[in-house]
>>> print(open('my_file-v3.cif').read())   # mmCIF, C-alpha atoms and all ligand atoms
data_model
loop_
_atom_site.label_atom_id
_atom_site.label_comp_id
_atom_site.auth_asym_id
_atom_site.auth_seq_id
_atom_site.Cartn_x
_atom_site.Cartn_y
_atom_site.Cartn_z
CA MET A 1183 118.12 118.49 35.24
CA ALA A 1184 115.63 118.52 38.07
CA LEU A 1185 112.70 120.75 38.97
CA ILE A 1186 113.06 121.95 42.53
CA VAL A 1187 110.68 123.98 44.69
CA GLN A 1188 112.43 125.87 47.49
CA LYS A 1189 110.31 127.45 50.22
CA TYR A 1190 111.89 130.06 52.49
CA GLY A 1191 110.27 131.02 55.81
CA GLY A 1192 110.19 134.41 57.49
CA THR A 1193 113.63 134.32 59.13
CA SER A 1194 115.14 133.22 55.81
CA VAL A 1195 113.95 136.44 54.12
CA ALA A 1196 114.11 138.67 57.20
CA ASN A 1197 116.29 141.40 55.64
CA PRO A 1198 118.08 142.29 52.39
CA GLU A 1199 121.17 140.25 53.31
CA ARG A 1200 119.09 137.13 53.97
CA ILE A 1201 117.26 137.67 50.69
CA ARG A 1202 120.59 137.96 48.85
CA SER A 1203 121.63 134.71 50.46
CA VAL A 1204 118.45 133.06 49.09
CA ALA A 1205 119.31 134.41 45.65
CA ARG A 1206 122.83 132.96 45.89
CA ARG A 1207 121.47 129.50 46.71
CA VAL A 1208 119.02 129.73 43.81
CA ALA A 1209 121.93 130.71 41.56
CA ARG A 1210 123.89 127.63 42.68
CA TYR A 1211 120.98 125.37 41.75
CA LYS A 1212 120.53 127.13 38.41
CA ALA A 1213 124.24 126.72 37.69
CA LEU A 1214 123.80 122.95 38.11
CA GLY A 1215 121.17 123.08 35.38
CA HIS A 1216 118.07 122.79 37.58
CA GLN A 1217 114.78 124.60 37.20
CA VAL A 1218 113.88 126.44 40.39
CA VAL A 1219 110.57 127.70 41.78
CA VAL A 1220 110.92 129.77 44.96
CA VAL A 1221 108.12 130.25 47.48
CA VAL A 1222 108.63 132.91 50.15
CA SER A 1223 106.95 133.93 53.38
CA ALA A 1224 106.69 137.48 54.62
CA MET A 1225 109.71 138.88 56.48
CA SER A 1226 109.68 137.47 60.02
CA GLY A 1227 107.39 139.39 62.35
CA GLU A 1228 105.62 141.08 59.44
CA THR A 1229 102.43 139.00 59.46
CA ASN A 1230 102.02 139.53 63.22
CA LYS A 1231 102.58 143.25 62.75
CA LEU A 1232 99.90 143.44 60.08
CA ILE A 1233 97.38 141.46 62.14
CA ASN A 1234 97.99 143.70 65.16
CA LEU A 1235 97.54 146.79 63.03
CA ALA A 1236 94.18 145.49 61.83
CA LYS A 1237 93.15 144.82 65.44
CA GLU A 1238 93.83 148.45 66.29
CA ILE A 1239 91.07 149.38 63.86
CA MET A 1240 88.66 146.50 64.45
CA ALA A 1241 88.84 144.24 67.52
CA GLU A 1242 87.79 141.20 65.47
CA PRO A 1243 89.02 142.13 61.99
CA ASP A 1244 86.75 141.36 59.08
CA PRO A 1245 88.26 138.15 57.60
CA ARG A 1246 88.08 139.25 53.96
CA GLU A 1247 89.77 142.55 54.63
CA LEU A 1248 92.31 140.90 56.92
CA ASP A 1249 93.32 138.62 54.05
CA VAL A 1250 93.67 141.59 51.67
CA MET A 1251 95.99 143.10 54.21
CA VAL A 1252 98.17 140.22 55.44
CA ALA A 1253 98.76 139.02 51.88
CA THR A 1254 100.84 142.18 51.35
CA GLY A 1255 103.62 140.75 53.55
CA GLU A 1256 104.45 138.09 50.96
CA GLN A 1257 103.94 140.53 48.07
CA VAL A 1258 106.93 142.52 49.36
CA THR A 1259 109.26 139.52 49.68
CA ILE A 1260 108.47 137.99 46.26
CA ALA A 1261 109.45 141.22 44.52
CA LEU A 1262 112.61 141.66 46.59
CA THR A 1263 113.61 138.04 46.03
CA ALA A 1264 113.06 138.30 42.27
CA MET A 1265 115.17 141.48 42.23
CA ALA A 1266 117.97 139.83 44.21
CA ILE A 1267 118.02 136.94 41.72
CA MET A 1268 118.04 139.34 38.75
CA ASP A 1269 120.89 141.18 40.38
CA LEU A 1270 122.96 138.01 39.97
CA GLY A 1271 122.24 138.05 36.25
CA ILE A 1272 119.53 135.37 36.32
CA LYS A 1273 116.08 135.88 34.82
CA ALA A 1274 113.36 135.93 37.48
CA VAL A 1275 109.68 136.79 37.74
CA SER A 1276 107.41 137.01 40.78
CA TYR A 1277 103.72 136.19 41.15
CA THR A 1278 101.19 136.69 43.91
CA GLY A 1279 98.85 133.78 44.62
CA ALA A 1280 96.12 135.40 42.54
CA GLN A 1281 98.47 135.94 39.61
CA VAL A 1282 99.43 132.26 39.36
CA PRO A 1283 96.45 131.63 40.07
CA ILE A 1284 96.38 129.41 43.16
CA TRP A 1285 92.64 128.70 43.48
CA THR A 1286 91.24 128.25 46.98
CA ASN A 1287 87.84 128.02 48.61
CA ASP A 1288 86.46 131.17 50.22
CA ALA A 1289 87.22 130.32 53.87
CA HIS A 1290 89.09 133.53 54.62
CA THR A 1291 92.11 133.23 56.96
CA LYS A 1292 92.05 129.41 56.66
CA ALA A 1293 91.38 128.75 52.99
CA ARG A 1294 92.17 125.44 51.34
CA ILE A 1295 93.93 125.13 47.99
CA LEU A 1296 91.59 123.59 45.40
CA ASP A 1297 93.68 123.81 42.27
CA ILE A 1298 96.79 125.45 40.88
CA ASP A 1299 96.97 126.67 37.32
CA ASP A 1300 100.64 126.11 36.65
CA LYS A 1301 100.74 126.79 32.89
CA LYS A 1302 102.39 130.17 33.32
CA ILE A 1303 105.01 128.78 35.70
CA HIS A 1304 105.92 125.95 33.33
CA ALA A 1305 106.23 128.38 30.43
CA ASP A 1306 108.47 130.69 32.48
CA LEU A 1307 110.65 127.80 33.63
CA ASP A 1308 111.01 126.60 30.07
CA ALA A 1309 112.05 130.12 29.09
CA GLY A 1310 114.83 129.98 31.70
CA PHE A 1311 113.23 132.06 34.45
CA VAL A 1312 113.32 131.42 38.16
CA VAL A 1313 109.71 131.80 39.30
CA VAL A 1314 109.10 133.35 42.72
CA VAL A 1315 105.64 132.72 44.18
CA ALA A 1316 104.04 134.27 47.25
CA GLY A 1317 103.39 131.73 49.98
CA PHE A 1318 100.33 131.64 52.23
CA GLN A 1319 97.88 133.14 49.72
CA GLY A 1320 95.47 132.31 46.95
CA VAL A 1321 92.34 133.57 45.30
CA ASP A 1322 88.74 132.34 45.39
CA GLU A 1323 86.43 131.96 42.42
CA ASN A 1324 85.11 135.51 42.91
CA GLY A 1325 88.58 137.03 42.78
CA ASN A 1326 88.88 137.59 46.54
CA ILE A 1327 92.35 137.26 48.05
CA THR A 1328 92.48 134.43 50.58
CA THR A 1329 95.12 133.17 53.02
CA LEU A 1330 95.85 129.62 54.10
CA GLY A 1331 96.27 129.91 57.88
CA ARG A 1332 99.41 130.69 59.87
CA GLY A 1333 102.46 128.89 58.57
CA GLY A 1334 100.65 128.43 55.25
CA SER A 1335 103.65 129.09 53.01
CA ASP A 1336 104.77 125.52 53.68
CA THR A 1337 101.51 124.38 52.11
CA THR A 1338 101.98 126.65 49.10
CA GLY A 1339 105.43 125.14 48.58
CA VAL A 1340 104.32 121.53 48.79
CA ALA A 1341 101.13 122.10 46.76
CA LEU A 1342 103.17 123.76 44.01
CA ALA A 1343 105.68 120.91 44.08
CA ALA A 1344 102.80 118.43 43.74
CA SER A 1345 101.19 120.35 40.91
CA LEU A 1346 104.45 120.86 39.01
CA LYS A 1347 105.52 117.26 39.71
CA ALA A 1348 108.74 118.67 41.12
CA ASP A 1349 111.60 116.30 41.89
CA GLU A 1350 111.93 117.71 45.39
CA CYS A 1351 110.37 120.29 47.69
CA GLN A 1352 112.93 121.89 50.02
CA ILE A 1353 111.63 123.76 53.07
CA TYR A 1354 114.32 126.19 54.24
CA THR A 1355 113.96 127.48 57.79
CA ASP A 1356 115.98 128.54 60.84
CA VAL A 1357 116.73 125.00 62.05
CA ASP A 1358 118.64 122.42 60.01
CA GLY A 1359 115.87 119.84 59.98
CA VAL A 1360 113.15 118.20 62.01
CA TYR A 1361 114.33 117.50 65.54
CA THR A 1362 113.27 114.95 68.15
CA THR A 1363 111.51 117.91 69.77
CA ASP A 1364 111.62 121.69 69.51
CA PRO A 1365 115.31 122.54 70.10
CA ARG A 1366 114.20 125.82 71.71
CA ILE A 1367 112.77 123.78 74.60
CA VAL A 1368 115.29 120.93 74.73
CA PRO A 1369 118.78 122.00 73.63
CA GLU A 1370 119.83 118.31 73.55
CA ALA A 1371 117.23 117.58 70.87
CA ARG A 1372 118.70 115.78 67.91
CA ARG A 1373 118.11 116.26 64.20
CA LEU A 1374 116.42 113.32 62.54
CA LYS A 1375 117.97 112.22 59.26
CA SER A 1376 114.54 111.09 58.20
CA ILE A 1377 111.05 110.85 59.60
CA THR A 1378 108.13 108.97 58.12
CA PHE A 1379 105.34 110.95 56.60
CA GLU A 1380 102.89 109.45 59.13
CA GLU A 1381 105.04 110.52 62.08
CA MET A 1382 105.51 113.99 60.62
CA LEU A 1383 101.75 114.27 60.21
CA GLU A 1384 101.25 113.39 63.88
CA MET A 1385 104.06 115.71 65.02
CA ALA A 1386 102.59 118.62 63.02
CA SER A 1387 99.04 118.01 64.16
CA LEU A 1388 100.16 117.66 67.78
CA GLY A 1389 101.89 121.02 67.77
CA SER A 1390 105.34 120.88 66.11
CA LYS A 1391 105.14 124.02 64.05
CA VAL A 1392 108.18 123.27 61.92
CA LEU A 1393 105.79 122.27 59.10
CA GLN A 1394 102.16 123.34 58.69
CA ILE A 1395 100.00 120.23 58.90
CA ARG A 1396 98.31 120.80 55.54
CA SER A 1397 101.70 120.79 53.84
CA VAL A 1398 102.37 117.33 55.27
CA GLU A 1399 98.94 116.14 54.14
CA PHE A 1400 99.70 117.32 50.61
CA ALA A 1401 103.09 115.66 50.66
CA GLY A 1402 101.47 112.37 51.67
CA LYS A 1403 98.66 112.54 49.19
CA TYR A 1404 100.83 113.40 46.19
CA LYS A 1405 103.99 111.62 47.37
CA VAL A 1406 106.06 114.81 47.22
CA LYS A 1407 109.69 114.32 48.15
CA LEU A 1408 109.96 116.75 51.05
CA ARG A 1409 113.07 117.88 52.89
CA VAL A 1410 113.49 120.38 55.75
CA LEU A 1411 116.80 122.30 55.73
CA SER A 1412 118.48 125.36 57.18
CA SER A 1413 118.77 128.48 55.05
CA PHE A 1414 121.62 129.58 57.34
CA GLU A 1415 123.97 126.85 56.11
CA GLU A 1416 125.30 126.12 52.67
CA GLU A 1417 125.63 122.41 53.15
CA GLY A 1418 123.55 119.93 55.07
CA GLU A 1419 121.20 117.11 54.26
CA GLY A 1420 118.40 118.28 56.59
CA THR A 1421 115.57 115.88 57.30
CA LEU A 1422 113.88 113.85 54.60
CA ILE A 1423 110.21 112.94 55.01
CA THR A 1424 109.98 109.33 53.89
CA PHE A 1425 107.28 106.82 53.19
CA GLU A 1426 107.46 103.97 55.63
CA ASP A 1427 108.53 101.19 53.35
CA GLU A 1428 111.67 103.16 52.45
CA ASN A 1429 112.82 103.02 56.06
CA MET A 1430 114.16 99.69 57.20
CA GLU A 1431 115.26 100.53 60.71
CA GLN A 1432 112.82 102.51 62.84
CA PRO A 1433 113.34 103.87 66.33
CA ILE A 1434 110.40 103.18 68.65
CA ILE A 1435 109.87 106.85 69.43
CA SER A 1436 110.85 109.49 66.89
CA GLY A 1437 109.81 112.65 68.63
CA ILE A 1438 107.91 114.59 71.23
CA ALA A 1439 105.37 117.24 70.31
CA PHE A 1440 103.59 119.69 72.55
CA ASN A 1441 101.14 122.52 72.41
CA ARG A 1442 99.54 125.02 74.71
CA ASP A 1443 96.65 125.69 72.38
CA GLU A 1444 94.01 123.44 73.92
CA ALA A 1445 91.61 124.19 76.77
CA LYS A 1446 89.63 121.65 78.74
CA ILE A 1447 85.90 121.76 79.42
CA THR A 1448 84.25 119.51 81.99
CA VAL A 1449 80.51 119.01 82.27
CA LEU A 1450 79.90 117.65 85.78
CA GLY A 1451 77.05 115.53 87.07
CA VAL A 1452 75.54 114.50 83.76
CA PRO A 1453 72.82 111.82 83.87
CA ASP A 1454 74.17 108.57 82.42
CA ARG A 1455 71.82 107.84 79.56
CA PRO A 1456 71.99 107.33 75.79
CA GLY A 1457 72.30 110.44 73.67
CA ILE A 1458 74.10 112.60 76.22
CA ALA A 1459 77.37 112.87 74.30
CA TYR A 1460 75.44 114.01 71.27
CA GLN A 1461 73.43 116.53 73.28
CA ILE A 1462 76.65 118.06 74.61
CA LEU A 1463 78.79 117.96 71.49
CA GLY A 1464 76.08 118.52 68.85
CA PRO A 1465 75.70 122.26 69.58
CA ILE A 1466 79.50 122.59 69.77
CA ALA A 1467 79.85 121.05 66.32
CA ASP A 1468 77.00 123.21 64.97
CA ALA A 1469 79.02 126.26 66.03
CA ASN A 1470 81.98 124.94 63.99
CA ILE A 1471 84.14 124.42 67.07
CA ASP A 1472 86.63 121.57 66.69
CA VAL A 1473 86.78 119.09 69.54
CA ASP A 1474 89.96 117.10 70.07
CA MET A 1475 90.15 114.76 73.07
CA ILE A 1476 87.05 113.41 74.82
CA ILE A 1477 86.66 111.34 78.00
CA GLN A 1478 83.68 110.28 80.04
CA ASN A 1479 83.67 108.65 83.47
CA VAL A 1480 80.64 107.01 85.01
CA GLY A 1481 80.48 107.61 88.75
CA ALA A 1482 78.93 105.32 91.36
CA ASP A 1483 75.86 107.55 91.66
CA GLY A 1484 74.84 106.97 88.05
CA THR A 1485 75.94 110.38 86.81
CA THR A 1486 78.94 110.99 84.61
CA ASP A 1487 81.56 113.69 84.14
CA PHE A 1488 82.09 114.52 80.50
CA THR A 1489 85.40 116.20 79.57
CA PHE A 1490 86.68 117.41 76.21
CA THR A 1491 89.19 119.84 74.75
CA VAL A 1492 88.80 122.73 72.29
CA HIS A 1493 91.19 125.40 70.99
CA LYS A 1494 91.83 128.04 73.66
CA ASN A 1495 90.53 130.74 71.30
CA GLU A 1496 87.16 129.01 71.27
CA LEU A 1497 86.85 128.23 74.99
CA ASN A 1498 84.58 131.15 75.84
CA LYS A 1499 82.36 130.55 72.85
CA ALA A 1500 82.01 126.86 73.78
CA LEU A 1501 81.26 127.64 77.45
CA THR A 1502 78.56 130.14 76.47
CA ILE A 1503 76.89 127.60 74.19
CA LEU A 1504 76.97 124.91 76.88
CA LYS A 1505 75.61 127.19 79.59
CA ASP A 1506 72.90 128.69 77.37
CA LYS A 1507 71.78 125.70 75.35
CA VAL A 1508 72.87 122.51 77.08
CA GLN A 1509 73.19 122.70 80.85
CA GLY A 1510 69.48 123.15 81.69
CA HIS A 1511 68.46 120.72 79.02
CA ILE A 1512 70.46 117.77 80.32
CA ASN A 1513 70.38 118.78 83.97
CA ALA A 1514 74.16 118.96 84.40
CA ARG A 1515 75.39 120.15 87.79
CA GLU A 1516 78.22 122.39 86.64
CA ILE A 1517 80.34 123.34 83.63
CA VAL A 1518 83.97 124.34 84.11
CA GLY A 1519 86.56 125.57 81.65
CA ASP A 1520 90.33 125.35 82.18
CA ASP A 1521 92.75 127.08 79.85
CA LYS A 1522 95.87 126.40 81.91
CA THR A 1523 96.47 123.10 80.16
CA ALA A 1524 99.00 121.74 77.70
CA LYS A 1525 99.17 118.62 75.60
CA VAL A 1526 102.38 116.57 75.36
CA SER A 1527 102.66 113.67 72.93
CA VAL A 1528 105.20 111.00 72.10
CA VAL A 1529 105.17 109.88 68.48
CA GLY A 1530 106.72 106.90 66.73
CA VAL A 1531 105.74 104.22 64.23
CA GLY A 1532 107.79 101.74 66.25
CA MET A 1533 105.04 101.81 68.89
CA ARG A 1534 103.06 99.49 66.68
CA SER A 1535 105.39 96.64 67.47
CA HIS A 1536 106.38 97.52 71.03
CA VAL A 1537 104.41 97.32 74.23
CA GLY A 1538 105.05 99.32 77.38
CA ILE A 1539 105.54 102.75 75.83
CA ALA A 1540 102.48 104.19 77.57
CA SER A 1541 103.51 102.83 80.96
CA GLN A 1542 107.02 104.19 80.51
CA MET A 1543 105.56 107.59 79.65
CA PHE A 1544 103.20 107.58 82.64
CA ARG A 1545 105.93 106.40 85.02
CA THR A 1546 108.26 109.16 83.86
CA LEU A 1547 105.61 111.80 84.47
CA ALA A 1548 104.65 110.27 87.84
CA GLU A 1549 108.27 110.38 89.00
CA GLU A 1550 108.20 114.14 88.46
CA GLY A 1551 104.86 114.47 90.25
CA ILE A 1552 103.12 115.56 87.06
CA ASN A 1553 99.43 114.74 87.13
CA ILE A 1554 97.85 113.43 83.93
CA GLN A 1555 94.42 114.93 83.32
CA MET A 1556 93.50 113.24 80.05
CA ILE A 1557 95.00 110.59 77.79
CA SER A 1558 94.46 109.75 74.17
CA THR A 1559 96.25 107.26 71.98
CA SER A 1560 96.48 106.14 68.40
CA GLU A 1561 98.60 103.41 66.85
CA ILE A 1562 101.64 105.70 66.67
CA LYS A 1563 101.17 108.32 69.39
CA ILE A 1564 100.26 108.79 73.04
CA SER A 1565 99.07 112.21 74.17
CA VAL A 1566 98.44 113.50 77.67
CA VAL A 1567 96.89 116.70 78.89
CA ILE A 1568 98.69 118.19 81.89
CA ASP A 1569 98.92 121.47 83.78
CA GLU A 1570 100.51 124.04 81.49
CA LYS A 1571 103.16 124.95 84.04
CA TYR A 1572 104.72 121.49 83.82
CA MET A 1573 104.82 121.31 80.04
CA GLU A 1574 108.50 122.08 79.48
CA LEU A 1575 109.54 119.82 82.33
CA ALA A 1576 107.43 117.00 80.91
CA VAL A 1577 108.96 117.40 77.45
CA ARG A 1578 112.48 117.39 78.88
CA VAL A 1579 112.05 114.32 81.11
CA LEU A 1580 110.28 112.35 78.37
CA HIS A 1581 113.01 113.28 75.89
CA LYS A 1582 115.55 111.85 78.30
CA ALA A 1583 113.51 108.80 79.31
CA PHE A 1584 113.11 107.73 75.69
CA GLU A 1585 116.83 108.38 75.06
CA LEU A 1586 116.12 110.71 72.20
CA GLU A 1587 119.25 112.79 72.67
CA GLU A 1588 121.51 109.90 71.78
CA ASP A 1589 122.60 109.38 68.23
CA ARG A 1590 121.56 105.91 67.29
CA GLY A 1591 122.95 106.25 63.79
P1 LIG B 1601 109.59 129.42 59.16
O1 LIG B 1601 109.38 130.86 59.45
O2 LIG B 1601 110.85 129.14 58.41
O3 LIG B 1601 108.39 128.76 58.54
P2 LIG B 1601 108.86 128.30 61.74
O4 LIG B 1601 109.12 129.18 62.91
O5 LIG B 1601 107.47 128.22 61.22
O6 LIG B 1601 109.87 128.73 60.57
O7 LIG B 1601 109.37 126.80 62.03
C1 LIG B 1601 110.67 126.57 62.51
C2 LIG B 1601 110.66 126.46 64.03
O8 LIG B 1601 109.90 125.32 64.41
C3 LIG B 1601 112.00 126.23 64.66
O9 LIG B 1601 112.69 127.44 64.90
C4 LIG B 1601 111.68 125.48 65.94
O10 LIG B 1601 111.72 126.31 67.08
C5 LIG B 1601 110.24 125.02 65.74
N1 LIG B 1601 110.05 123.59 65.99
C6 LIG B 1601 109.05 123.03 66.71
N2 LIG B 1601 109.16 121.72 66.77
C7 LIG B 1601 110.26 121.38 66.05
C8 LIG B 1601 110.90 120.15 65.73
N3 LIG B 1601 110.43 118.96 66.16
N4 LIG B 1601 112.01 120.20 64.95
C9 LIG B 1601 112.49 121.37 64.50
N5 LIG B 1601 111.93 122.56 64.77
C10 LIG B 1601 110.83 122.59 65.54
N1 LIG B 1602 103.62 134.74 56.76
C1 LIG B 1602 102.66 133.74 57.17
C2 LIG B 1602 102.69 133.55 58.68
O1 LIG B 1602 103.46 134.21 59.36
C3 LIG B 1602 102.82 132.44 56.43
C4 LIG B 1602 104.11 131.70 56.73
O2 LIG B 1602 105.05 132.25 57.28
O3 LIG B 1602 104.16 130.51 56.37
O4 LIG B 1602 101.94 132.76 59.19
MG MG B 1603 106.58 128.11 59.37
#
>>> encode(input="my_file-v3.cif", output="structure tokens")
Amino acid sequence: MALIVQKYGGTSVANPERIRSVARRVARYKALGHQVVVVVSAMSGETNKLINLAKEIMAEPDPRELDVMVATGEQVTIALTAMAIMDLGIKAVSYTGAQVPIWTNDAHTKARILDIDDKKIHADLDAGFVVVVAGFQGVDENGNITTLGRGGSDTTGVALAASLKADECQIYTDVDGVYTTDPRIVPEARRLKSITFEEMLEMASLGSKVLQIRSVEFAGKYKVKLRVLSSFEEEGEGTLITFEDENMEQPIISGIAFNRDEAKITVLGVPDRPGIAYQILGPIADANIDVDMIIQNVGADGTTDFTFTVHKNELNKALTILKDKVQGHINAREIVGDDKTAKVSVVGVGMRSHVGIASQMFRTLAEEGINIQMISTSEIKISVVIDEKYMELAVRVLHKAFELEEDRG
């Protein structure tokens, strides 16, 4: 007998028939003698609908009230899922995040899970129930409903699996695993039988939304056995997230990630003296704006251009801070923002032991006439910022250049 956590995303609970299909899978696992905890998202499109509704009332919705509201999406699906399971003659009970409770901090709309009180769940499982838990939500110490950020049900699933010491956490979605890149962009993309936790962490943080990054962090920290599978198929091994030493044979590049979420800010004509980077980025950090890539070039005239990226949602806020608080202070000539950018990254642990990956990437982009605006690297990834309009082309040509479509067993 194993304890299994199954998380179902929005398309997997999109309508009554899909929910019945979830119940049938749960029943199959129960019939094999397993204990099952189910985590569900809201029906697909529901969270967006709720957020848009809130925006019709308040342009920038109050975060606490927004959480009260969007958490209702998952409250609907837990009850329906529990009913569908009961309808098959299996005992089931549903809980909201606050009922478990899943304790979080009070950072509304992007709360972090601090602790899960799983006594009730264990007792229910021991009594033969399937427990259905709302994804994406928790409760803070003052009883306020919180949510975990978009895609947060993945994190609920993995955090519950960690807390319950589950044998496996299965993430059911609308693709049958983690692919070499988003199959919606590259139809030739190939499912990976396995991917290392480190690579998955990079892929998620660089834009592959198949798993929320926090869920991958949890899986790494608590060594949760994590598998991504399709809820649209009965069979299938999906993709297993492994820890590196379990994987003998590693491809050099495992996947390509991309995102359109970052904007670029350039501060031009900055005097080249100590402390400048701090004077530019200090006020940005004080405003809680995350900075990703940074480059600085010293020109022949002794001034420098300082370029960095922020989330597109925070571009205007960052530009206002720089123009109001920084430009005059450091005597910069000009500050320009560009939100027509995209970041494309190649990821693979095999890069550690192979040279020439960066040059192959840059050559491939050059052959298509794609200009690279910024570059950043780590041991297992190379990222470039390019013009947004070339993003899909870049992903496709890199996918081909690194021979990712071919099955190498
Ligand atoms: P869910 O609602 O089940 O959480 P998501 O939409 O959040 O589903 O995640 C699944 C989607 O992630 C897929 O439909 C796919 O388009 C996208 N995706 C992005 N990158 C990848 C990748 N490397 N492998 C598989 N899917 C990916
Ligand atoms: N329903 C939430 C969202 O759409 C959480 C999730 O689906 O994981 O972001
Ligand atoms: Mg998701």
>>> residues_near_ligand(input="my_file-v3.cif", ligand="ligand MG 1603 (chain B)", cutoff="7 Å", atoms="all atoms listed in the file", output="tab-separated table (two decimals) with C-alpha atoms, in the frame of the given file")
chain	number	residue	atom	x	y	z
A	1191	GLY	CA	110.27	131.02	55.81
A	1333	GLY	CA	102.46	128.89	58.57
A	1336	ASP	CA	104.77	125.52	53.68
A	1391	LYS	CA	105.14	124.02	64.05
A	1392	VAL	CA	108.18	123.27	61.92
A	1393	LEU	CA	105.79	122.27	59.10
A	1394	GLN	CA	102.16	123.34	58.69
>>> residues_near_ligand(input="my_file-v3.cif", ligand="ligand LIG 1601 (chain B)", cutoff="7 Å", atoms="all atoms listed in the file", output="MDAnalysis selection string")
chainID A and resid 1190:1194 1226 1333 1336 1354:1357 1359:1366 1390:1393 1437 1439
>>> residues_near_ligand(input="my_file-v3.cif", ligand="ligand LIG 1602 (chain B)", cutoff="7 Å", atoms="all atoms listed in the file", output="PyMOL selection string")
chain A and resi 1191-1192+1223-1224+1229-1230+1255-1256+1317-1318+1331-1336
>>> closest_atom_pairs(input="my_file-v3.cif", of="region 1363-1405 of chain A", to="region 1293-1312 of chain A", cutoff="12 Å", atoms="all atoms listed in the file", output="Markdown table")
| residue | atom | partner | partner_atom | distance |
| --- | --- | --- | --- | --- |
| A:Arg1396 | CA | A:Arg1294 | CA | 8.8 |
| A:Ser1397 | CA | A:Ile1295 | CA | 10.7 |
| A:Glu1399 | CA | A:Arg1294 | CA | 11.8 |
| A:Phe1400 | CA | A:Ile1295 | CA | 10.1 |
>>> atom_distance(input="my_file-v3.cif", atom1="CA of Leu1185 (chain A)", atom2="CA of Cys1351 (chain A)")
9.0 Å
>>> closest_residue(input="my_file-v3.cif", among="A:Glu1380, A:Glu1588, A:Asp1468, A:Glu1444", to="Glu1570 (chain A)", atoms="all atoms listed in the file")
A:Glu1444
>>> closest_residue(input="my_file-v3.cif", among="A:Val1452, A:Val1526, A:Leu1270, A:Leu1586", to="Arg1373 (chain A)", atoms="only C-alpha atoms")
A:Leu1586
>>> atom_distance(input="my_file-v3.cif", atom1="CA of Met1265 (chain A)", atom2="CA of Val1187 (chain A)")
18.2 Å
>>> atom_distance(input="my_file-v3.cif", atom1="CA of Val1531 (chain A)", atom2="CA of Thr1424 (chain A)")
12.3 Å
>>> closest_residue(input="my_file-v3.cif", among="A:Pro1245, A:Pro1465, A:Gly1510, A:Gly1451", to="Asp1487 (chain A)", atoms="all atoms listed in the file")
A:Gly1451
